[in-house]
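Working notes for the structure below.
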Amino acid sequence: MATAISGHGQVLEPAHDDGAGHGDDHGHEEHHASMGVNTIKLLMWTFIASECLLFGTLIAAFLAYFNHGIGPHPHEVYDIPYTSVSAFVLLLSSLTMVLALAAAQSNDQRQLRIWLVATALLGMVFIGGQFFEFTTFKTHEHVWIDTNQFGSTFFLLTGFHGAHVTLGVVWLLSLWMYSLRRGIPPSKSMFVEVAGLYWHFVDVVWIVIFTVVYLAPTALQH
Amino acid sequence: MASHELQGHTSDHTAVAEGHAHPKPKLYIQIAVVLAIITAVEVFVLYLPNMGFEGFRPFLVPIFAVLSIGKFVMVVGWYMHLKFDDPFFLRMFAFALLIAFTVATAFIALFHGIYFG
């Protein structure tokens with residue numbers, strides 16, 4: 001069998017590859033780069049790496065500006081117990097996402113659909129919570145994106161994060177509809193895994209935002 | 001080496017490289033419970049100074065940093081499978097984080113007028 005092995009024992013090319021990366025063993029459709037890693041996963045990790053820089057810059061801008069200029073300032077407008085519930089919801093959605101992947105890998109289509117929908121619903125709950133928070137800030141606390149430096153950097157950062165969650169929800173619902181129509185067998189579980197990588201990254205960013213944007217400024221300014 | 005030996009040799013590695021050697025759902029649930037507890041601890045610690053433990057205030061930010069790094073590592077390591085996947089992805093992610101952290105630190109230092117050298 002014409003299987004190439006990399007230096008650390010990983011398969012570089014599937015057996016009897018048809019030239020387009022479609023090996024004929026068990027219907028596998030996984031593509032591998034020259035270093036032996038899956039190209040779809042490599043693409044997602046490259047995207048995530050670039051996203052680290054985007055969110056790193058936005059967080060840095062918030063830290064530089066949140067305490068400057070006229071008020072109101074973070075500790076005057078934040079509702080930490082409310083935001084911590086949002087953090088719980090997003091953490092819970094990460095659990096349902098890995099359970100969806102585990103179901104896809106064990107070919108349990110029913111569980112896969114349940115966990116995909118559960119993850120998307122939790123994402124929608126998070127977005128709804130963020131919408132409510134933004135509305136409260138604007139109507140009750142009179143903070144908006146053009147109010148002061150804190151408002152500008154806060155809404156830019158959390159708004160970008162919310163947009164990422166929204167995109168993730170659309171992606172998950174697309175996967176769910178695909179699984180309803182055609183099913184996602186274990187050989188295609190990479191599609192669920194890559195969507196999961198994106199979703200968990202969004203969760204990881206929120207872990208940082210919750211600490212750096214919400215908890216730390218509140219602790220420093222109380 | 002016979003072809004079947006070659007296949008046998010590579011199958012385990014492939015499983016790890018392709019991410020099939022993932023933890024069981026039970027471990028995922030245990031991690032979720034730990035993440036939820038840490039988040040609850042973060043919120044509890046934030047209100048400690050208001051409960052009469054004013055001496056805690058200088059330690060709040062370092063405590064938050066440690067707790068959130070713990071959450072970060074758990075999600076990235078287990079949920080994103082970096083602990084089990086090809087080390088190349090870990091190196092790639094770590095490099096991106098290093099650049100992001102450096103850029104952010106440099107920006108904040110410049111903004112606050114902190115110059116080195």
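Naming scheme: A, B, ... for chains in displayed order of the structure tokens; residues 1 onward per chain; ligands 1 onward as shown.
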
Based on only C-alpha atoms, which of the residues in chain B come within 7 Å of chain A? I want them as a PyMOL selection string. chain B and resi 3+10+13-14+17-18+25+28-29+32+36+46+60-61+64+68+72+75+79-80+89+93+96-97+100-101+104+107-108+111

Using only C-alpha atoms, find the one residue out of B:Thr39, B:Thr102, B:Gln30, B:Asn50 that sits nearest to Leu67 of chain B.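 Checking each candidate against Leu67 of chain B, we get B:Thr39 as the closest.
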